[in-house]
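Chemist: Following this message is one structure expressed as structure tokens.
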Amino acid sequence: MAESYPVPVSPGRSAAASGGKGAHVTQVQPEDAATVPRPRAAVAGPDPRIVALDCVDVRFPTSLEHDGSDAMNPDPDYSAAYVIIRTDQPDLEGHALSFTIGRGNEVVVAAIEALRPQVLGRYAADIAADLGGLSAALIGDSQLRWLGPEKGVMHMAIGAVVNAAWDLAARLAGKPVWRLLTDMTPEQIVALIDFRYIDDALTPQEALAILHAARDGREDRIAELEQRGYPAYTTTPGWIGYSDDKLVELSRQAVSDGFGQIKIKVGYNLADDARRLALARQAVGPQIRIAVDANQRWGVGEAITAIRALAPWDPHWVEEPTSPDEILGLAAIRTAVAPVKIAVGEHVANRVIFKQIMQAGAADFLDIDACRVAGVNENLAILLMAAKFGIPVCPHAGGVGLCEMVQHLAMFDYVAVSATMTDRVLEYVDHLHEHFTDPVRVTGGRYLAPSAPGFSARLRPESLRSYEFPHGSAWQQLGGPSPSDQ
């Protein structure tokens with residue numbers, strides 16, 4: 001018989017505040033002051049308070065070199081709606097971002113600014129002590145929730161603010177986010193999660209059991225991460241706008257750099273897809289895994305036809321073969337093209353759609369994104385559901401700042417949830433890391449564990465000045481934005 005654990009319930013949160021009958025948001029004050037900063041009343045010395053929530057429209061002209069190009073998005077300018085939570089202590093801030101690909105970034109900025117009243121005036125230690133409460137307050141704003149609910153631009157904006165709060169909490173604790181999470185008790189983790197709409201697939205009790213089961217060997221896994229890092233794959237060779245020669249050169253370079261898997265973009269033209277995949281396979285040999293990514297380009301029948309045509313080159317998985325909302329279609333594709341595997345997740349809007357994808361047997365791999373859903377808290381729910389359903393999580397990181405942030409979630413998953421690296425790899429793209437104060441470190445095809453406090457998402461001040469849109473110096477040197485960019 002499975003061991004039973006008491007489900008954490010917040011002493012200060014009513015069932016009504018959690019959404020009515022049968023409180024779904026379970027929150028507790030942290031029991032271990034060394035793990036999470038103490039509530040404000042117990043803070044000795046300076047007691048920083050939130051005085052500003054700023055957001056900057058930052059865009060990088062990656063479309064000039066076709067970096068990031070795919071069949072659905074041929075000309076992306078990697079962009080960030082960049083959040084700064086400022087306190088009355090100038091040396092204490094929280095930084096994070098929401099990733100977009102250019103036009104529309106200003107819409108996310110406006111959505112983040114709409115959240116300002118929910119954050120200003122709070123004490124940093126109170127936020128750090130109840131990150132579940134902050135997430136619930138932001139998601140639960142009834143008028144803003146109407147714009148989703150719990151999906152789209154507003155949800156992405158909430159994710160950026162929640163992630164900035166995690167950066168702030170980790171800096172208060174003096175730890176990288178992955179260590180802040182792994183040092184929490186199972187009860188504290190469960191208290192961060194909103195189980196509304198998912199408790200038919202994962203109950204708080206089941207989540208606790210998964211987390212308690214992963215406690216065995218935890219210290220060994222932390223030591224392994226700190227010594228050897230986490231396995232990565234690279235999409236750098238595979239952008240659809242690259243020439244054949246560049247594809248071959250970068251594929252060979254990836255193998256030389258120690259990567260055991262690369263990813264190629266497909267979906268624009270099946271004959272071109274087959275040619276490029278054949279070139280990549282010839283360049284890397286039979287032992288290197290090649291994933292392919294259609295970025296939602298196909299309908300269901302078209303996807304089945306295309307995947308069967310590409311199967312001779314042994315794709316490790318086919319990512320986003322159709323719309324991420326097409327749950328039954330994804331399930332039909334997966335059944336029709338087996339043993340080729342299906343991956344999905346970077347555009348999945350929330351934990352509810354992830355739940356249904358798992359319940360429908362629609363994916364072999366889940367590609368969570370640090371910025372698409374409502375931040376760390378909602379991603380914790382997705383990681384725990386994936387563990388219950390036995391589906392490997394291979395996070396998406398094709399964008400500015402995504403590698404920096406999602407590495408923390410992958411490492412937490414290994415230490416405290418799945419307890420395995422089997423069939424798990426974390427995406428890496430070799431673009432724009434020089435703009436961060438704590439950039440990812442990838443060597444020998446593995447992410448090295450971050451050691452600096454925070455979420456690794458802080459941009460360098462000079463990069464903010466240069467790439468602020470449209471007035472930054474980099475954009476002015478390009479002649480300013482075109483009318484279509486504004």
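Residues in the structure tokens are named by chain (A, B, ... in the order shown) and by number from 1 within that chain; ligands are numbered from 1 in the order shown.
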So that I can see what lies close to A:Ile304, please list as a ChimeraX atom specification the residues with an atom at most 7 Å from it, counting only C-alpha atoms and leaving out residues fewer than 6 positions away in the same chain.
Modeler: /A:333,336-337
Chemist: Could you take the residues named above and write them with C-alpha atoms, as a PDB file, in the first residue's frame?
Modeler:
```pdb
ATOM      1  CA  ILE A 333      -0.444  11.184 -35.730  1.00  0.00           C
ATOM      2  CA  ALA A 336      -0.091   6.361 -37.372  1.00  0.00           C
ATOM      3  CA  VAL A 337       3.664   7.039 -37.516  1.00  0.00           C
TER       4      VAL A 337
END
```
Chemist: Env of A:Leu192: 6 Å cut, atoms = only C-alpha atoms, seq-sep filter 3 positions within chain, self excluded. Answer as a PyMOL selection string.
Modeler: chain A and resi 132+189+377
Chemist: Can I get the selected residues back with N, CA and C atoms, as a short mmCIF file (atom, residue, chain, number, x, y, z; two decimals), in the first residue's frame?
Modeler:
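Generated output (again34.cif):
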```cif
data_model
loop_
_atom_site.label_atom_id
_atom_site.label_comp_id
_atom_site.auth_asym_id
_atom_site.auth_seq_id
_atom_site.Cartn_x
_atom_site.Cartn_y
_atom_site.Cartn_z
N GLY A 132 3.68 30.79 -4.09
CA GLY A 132 2.40 30.25 -4.54
C GLY A 132 1.29 31.27 -4.41
N ILE A 189 7.01 22.22 -2.07
CA ILE A 189 6.81 22.21 -3.52
C ILE A 189 5.32 22.09 -3.85
N ASN A 377 5.87 28.02 -11.14
CA ASN A 377 4.85 27.27 -10.42
C ASN A 377 4.07 26.35 -11.32
#
```
Chemist: Which one of A:Ser142, A:Thr182, A:Gln296, A:Ser473 sits closest to A:Tyr414 if you count only C-alpha atoms?
Modeler: A:Thr182
Chemist: Quick one: which stretch 357-381 of chain A residues come within 10 Å of stretch 93-109 of chain A, and what is the nearest atom pair for each with the distance in Å to one decimal, counting only C-alpha atoms, rows ordered by chain and ascending number, as a tab-separated table?
Modeler:
```
residue	atom	partner	partner_atom	distance
A:Asp369	CA	A:Phe99	CA	9.8
A:Ala370	CA	A:Ser98	CA	8.6
A:Cys371	CA	A:Ser98	CA	5.4
A:Arg372	CA	A:Ser98	CA	7.6
A:Val373	CA	A:Ser98	CA	9.9
A:Gly375	CA	A:Ser98	CA	9.6
```
Chemist: Just C-alpha atoms for this one: save the residues we selected as an mmCIF file, in the first residue's frame.
Modeler:
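As written to disk, part.cif reads:
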```cif
data_model
loop_
_atom_site.group_PDB
_atom_site.id
_atom_site.type_symbol
_atom_site.label_atom_id
_atom_site.label_comp_id
_atom_site.auth_asym_id
_atom_site.auth_seq_id
_atom_site.Cartn_x
_atom_site.Cartn_y
_atom_site.Cartn_z
ATOM 1 C CA ASP A 369 9.126 26.201 -21.971
ATOM 2 C CA ALA A 370 10.166 28.503 -19.125
ATOM 3 C CA CYS A 371 8.152 31.437 -20.521
ATOM 4 C CA ARG A 372 5.041 30.063 -22.252
ATOM 5 C CA VAL A 373 3.030 29.081 -19.160
ATOM 6 C CA GLY A 375 6.203 30.643 -14.698
#
```
Chemist: Give me the residues near A:Ala201 as a PyMOL selection string, where near means some atom within 8 Å (using only C-alpha atoms) and where sequence neighbours in that chain fewer than 5 positions away do not count.
Modeler: chain A and resi 355+359+385
